[in-house]
Amino acid sequence: MIRHNRIRNLIARFCDEGLLSPIIEQRDLLSHSEHRPGDVTLPNWKAGLPLAIDVAVTSPYSVFGLRSNSPADAYSDVHKHGKYASLFRGKQVLFSALVLESTGGSHQLAEVYLSLRF
């Protein structure tokens with residue numbers, strides 16, 4: 001959890017320095033849902049819609065990781081996008097996972113977000 005929170009805070013700091021007004025752990029993104037998928041929320045990402053970024057850190061040495069060719073991509077597909085995509089459908093909030101591996105790897109979408117220039 002410490003690693004997750006440090007990465008979450010680092011992403012929020014990058015976004016803050018990019019003048020994106022990040023909100024950490026915004027509540028009620030999905031109106032009355034028990035899920036909290038917005039580790040970092042950017043209130044005005046695209047066409048006036050906010051982007052909820054769900055940060056995760058996984059290990060390629062876990063049982064799940066060892067069974068995957070790309071553990072971060074697989075974790076993102078199953079545990080993040082697979083879990084939250086249907087909850088965000090039809091909502092006025094965009095969603096993306098940012099999954100990093102404990103060994104330094106990342107999923108493809110994380111690399112896209114981390115390389116954006118503002």
# chains A, B, ... in the order shown; residues from 1 in each chain; ligands from 1
$ select_by_dssp --residues "chain A" --states "helix (DSSP H, G or I)" --output "VMD selection string"
chain A and resid 2 to 17 63 to 66 71 to 88 108 to 114
$ residues_around --residues "Ser59 of chain A" --least-positions-apart "4" --cutoff "10 Å" --atoms "only C-alpha atoms" --output "mmCIF file with N, CA and C atoms, in the first residue's frame"
data_model
loop_
_atom_site.group_PDB
_atom_site.id
_atom_site.type_symbol
_atom_site.label_atom_id
_atom_site.label_comp_id
_atom_site.auth_asym_id
_atom_site.auth_seq_id
_atom_site.Cartn_x
_atom_site.Cartn_y
_atom_site.Cartn_z
ATOM 1 N N VAL A 63 1.388 -15.328 -8.570
ATOM 2 C CA VAL A 63 0.828 -16.426 -9.362
ATOM 3 C C VAL A 63 0.207 -15.863 -10.640
ATOM 4 N N PHE A 64 -0.561 -14.772 -10.506
ATOM 5 C CA PHE A 64 -1.187 -14.141 -11.667
ATOM 6 C C PHE A 64 -0.114 -13.645 -12.644
ATOM 7 N N GLY A 65 0.917 -13.007 -12.115
ATOM 8 C CA GLY A 65 1.982 -12.472 -12.959
ATOM 9 C C GLY A 65 2.768 -13.549 -13.686
ATOM 10 N N LEU A 66 3.042 -14.638 -13.015
ATOM 11 C CA LEU A 66 3.804 -15.723 -13.639
ATOM 12 C C LEU A 66 3.036 -16.408 -14.760
ATOM 13 N N PRO A 71 2.541 -9.112 -17.352
ATOM 14 C CA PRO A 71 1.761 -9.051 -16.112
ATOM 15 C C PRO A 71 1.017 -7.732 -15.895
ATOM 16 N N ALA A 72 1.642 -6.606 -16.202
ATOM 17 C CA ALA A 72 0.971 -5.321 -15.976
ATOM 18 C C ALA A 72 -0.223 -5.154 -16.908
ATOM 19 N N TYR A 75 -2.969 -7.538 -15.705
ATOM 20 C CA TYR A 75 -3.573 -7.035 -14.468
ATOM 21 C C TYR A 75 -4.524 -5.882 -14.778
ATOM 22 N N LEU A 100 1.712 -0.380 -12.790
ATOM 23 C CA LEU A 100 3.163 -0.527 -12.805
ATOM 24 C C LEU A 100 3.522 -1.837 -12.120
ATOM 25 N N GLU A 101 4.632 -2.422 -12.549
ATOM 26 C CA GLU A 101 5.121 -3.644 -11.912
ATOM 27 C C GLU A 101 6.147 -3.273 -10.856
ATOM 28 N N SER A 102 6.234 -4.072 -9.819
ATOM 29 C CA SER A 102 7.179 -3.816 -8.736
ATOM 30 C C SER A 102 8.630 -3.885 -9.210
ATOM 31 N N THR A 103 8.858 -4.488 -10.368
ATOM 32 C CA THR A 103 10.215 -4.584 -10.918
ATOM 33 C C THR A 103 10.527 -3.459 -11.902
ATOM 34 N N GLY A 104 9.578 -2.535 -12.110
ATOM 35 C CA GLY A 104 9.830 -1.404 -12.988
ATOM 36 C C GLY A 104 9.093 -1.449 -14.310
ATOM 37 N N GLY A 105 8.430 -2.550 -14.624
ATOM 38 C CA GLY A 105 7.674 -2.629 -15.864
ATOM 39 C C GLY A 105 6.368 -1.861 -15.747
#
$ residues_around --residues "Ala97 of chain A" --least-positions-apart "5" --cutoff "8 Å" --atoms "only C-alpha atoms" --output "mmCIF file with C-alpha atoms, in the first residue's frame"
data_model
loop_
_atom_site.group_PDB
_atom_site.id
_atom_site.type_symbol
_atom_site.label_atom_id
_atom_site.label_comp_id
_atom_site.auth_asym_id
_atom_site.auth_seq_id
_atom_site.Cartn_x
_atom_site.Cartn_y
_atom_site.Cartn_z
ATOM 1 C CA ILE A 53 -6.880 7.320 -12.983
ATOM 2 C CA ASP A 54 -6.714 4.153 -10.915
ATOM 3 C CA VAL A 55 -3.126 3.440 -9.871
ATOM 4 C CA ALA A 56 -2.016 -0.140 -9.209
ATOM 5 C CA SER A 76 -4.937 -3.863 -16.050
ATOM 6 C CA LYS A 80 -8.927 -2.682 -13.439
ATOM 7 C CA HIS A 81 -10.596 -2.220 -16.818
ATOM 8 C CA LEU A 109 -1.338 2.623 -21.520
ATOM 9 C CA ALA A 110 0.739 3.704 -18.512
#
$ atom_distance --atom1 "atom CA of Ser96 of chain A" --atom2 "atom CA of Arg67 of chain A"
23.4 Å
$ residues_around --residues "Leu51 of chain A" --least-positions-apart "6" --cutoff "7 Å" --atoms "only C-alpha atoms" --output "list of chain:residue names"
A:Thr41, A:Leu42, A:Pro43, A:Trp45, A:Val93, A:Leu94, A:Phe95
$ atom_distance --atom1 "atom CA of Gln26 of chain A" --atom2 "atom CA of Asn44 of chain A"
13.8 Å
$ closest_residue --among "A:Val112, A:Arg13, A:Lys46, A:Ala85" --to "Leu98 of chain A" --atoms "only C-alpha atoms"
A:Val112
$ closest_residue --among "A:Ala47, A:Asn69, A:Leu30, A:Gly38" --to "Gly90 of chain A" --atoms "only C-alpha atoms"
A:Leu30
$ atom_distance --atom1 "atom CA of Leu19 of chain A" --atom2 "atom CA of Gln92 of chain A"
21.5 Å
$ closest_residue --among "A:Val40, A:Ile2, A:Val78, A:Lys91" --to "Asp16 of chain A" --atoms "only C-alpha atoms"
A:Val40
$ select_by_dssp --residues "segment 64-114 of chain A" --states "strand (DSSP E or B)" --output "list in words"
Leu94, Phe95, Ser96, Ala97, Leu98, Val99, Leu100, Glu101 and Ser106 of chain A
$ write_last_selection --atoms "N, CA and C atoms" --output "PDB file, in the first residue's frame"
ATOM      1  N   LEU A  94     -14.367   9.769 -17.575  1.00  0.00           N
ATOM      2  CA  LEU A  94     -13.502   8.833 -18.292  1.00  0.00           C
ATOM      3  C   LEU A  94     -12.682   8.059 -17.269  1.00  0.00           C
ATOM      4  N   PHE A  95     -12.256   6.861 -17.633  1.00  0.00           N
ATOM      5  CA  PHE A  95     -11.505   6.010 -16.702  1.00  0.00           C
ATOM      6  C   PHE A  95     -10.281   5.420 -17.381  1.00  0.00           C
ATOM      7  N   SER A  96      -9.190   5.350 -16.639  1.00  0.00           N
ATOM      8  CA  SER A  96      -8.014   4.641 -17.105  1.00  0.00           C
ATOM      9  C   SER A  96      -7.244   4.109 -15.906  1.00  0.00           C
ATOM     10  N   ALA A  97      -6.671   2.947 -16.091  1.00  0.00           N
ATOM     11  CA  ALA A  97      -5.794   2.381 -15.075  1.00  0.00           C
ATOM     12  C   ALA A  97      -4.353   2.748 -15.423  1.00  0.00           C
ATOM     13  N   LEU A  98      -3.542   2.885 -14.410  1.00  0.00           N
ATOM     14  CA  LEU A  98      -2.116   3.107 -14.588  1.00  0.00           C
ATOM     15  C   LEU A  98      -1.431   2.029 -13.747  1.00  0.00           C
ATOM     16  N   VAL A  99      -1.043   0.932 -14.396  1.00  0.00           N
ATOM     17  CA  VAL A  99      -0.501  -0.226 -13.686  1.00  0.00           C
ATOM     18  C   VAL A  99       1.001  -0.303 -13.894  1.00  0.00           C
ATOM     19  N   LEU A 100       1.712  -0.380 -12.790  1.00  0.00           N
ATOM     20  CA  LEU A 100       3.163  -0.527 -12.805  1.00  0.00           C
ATOM     21  C   LEU A 100       3.522  -1.837 -12.120  1.00  0.00           C
ATOM     22  N   GLU A 101       4.632  -2.422 -12.549  1.00  0.00           N
ATOM     23  CA  GLU A 101       5.121  -3.644 -11.912  1.00  0.00           C
ATOM     24  C   GLU A 101       6.147  -3.273 -10.856  1.00  0.00           C
ATOM     25  N   SER A 106       5.708  -1.679 -16.865  1.00  0.00           N
ATOM     26  CA  SER A 106       4.419  -0.990 -16.842  1.00  0.00           C
ATOM     27  C   SER A 106       3.563  -1.514 -17.984  1.00  0.00           C
TER      28      SER A 106
END
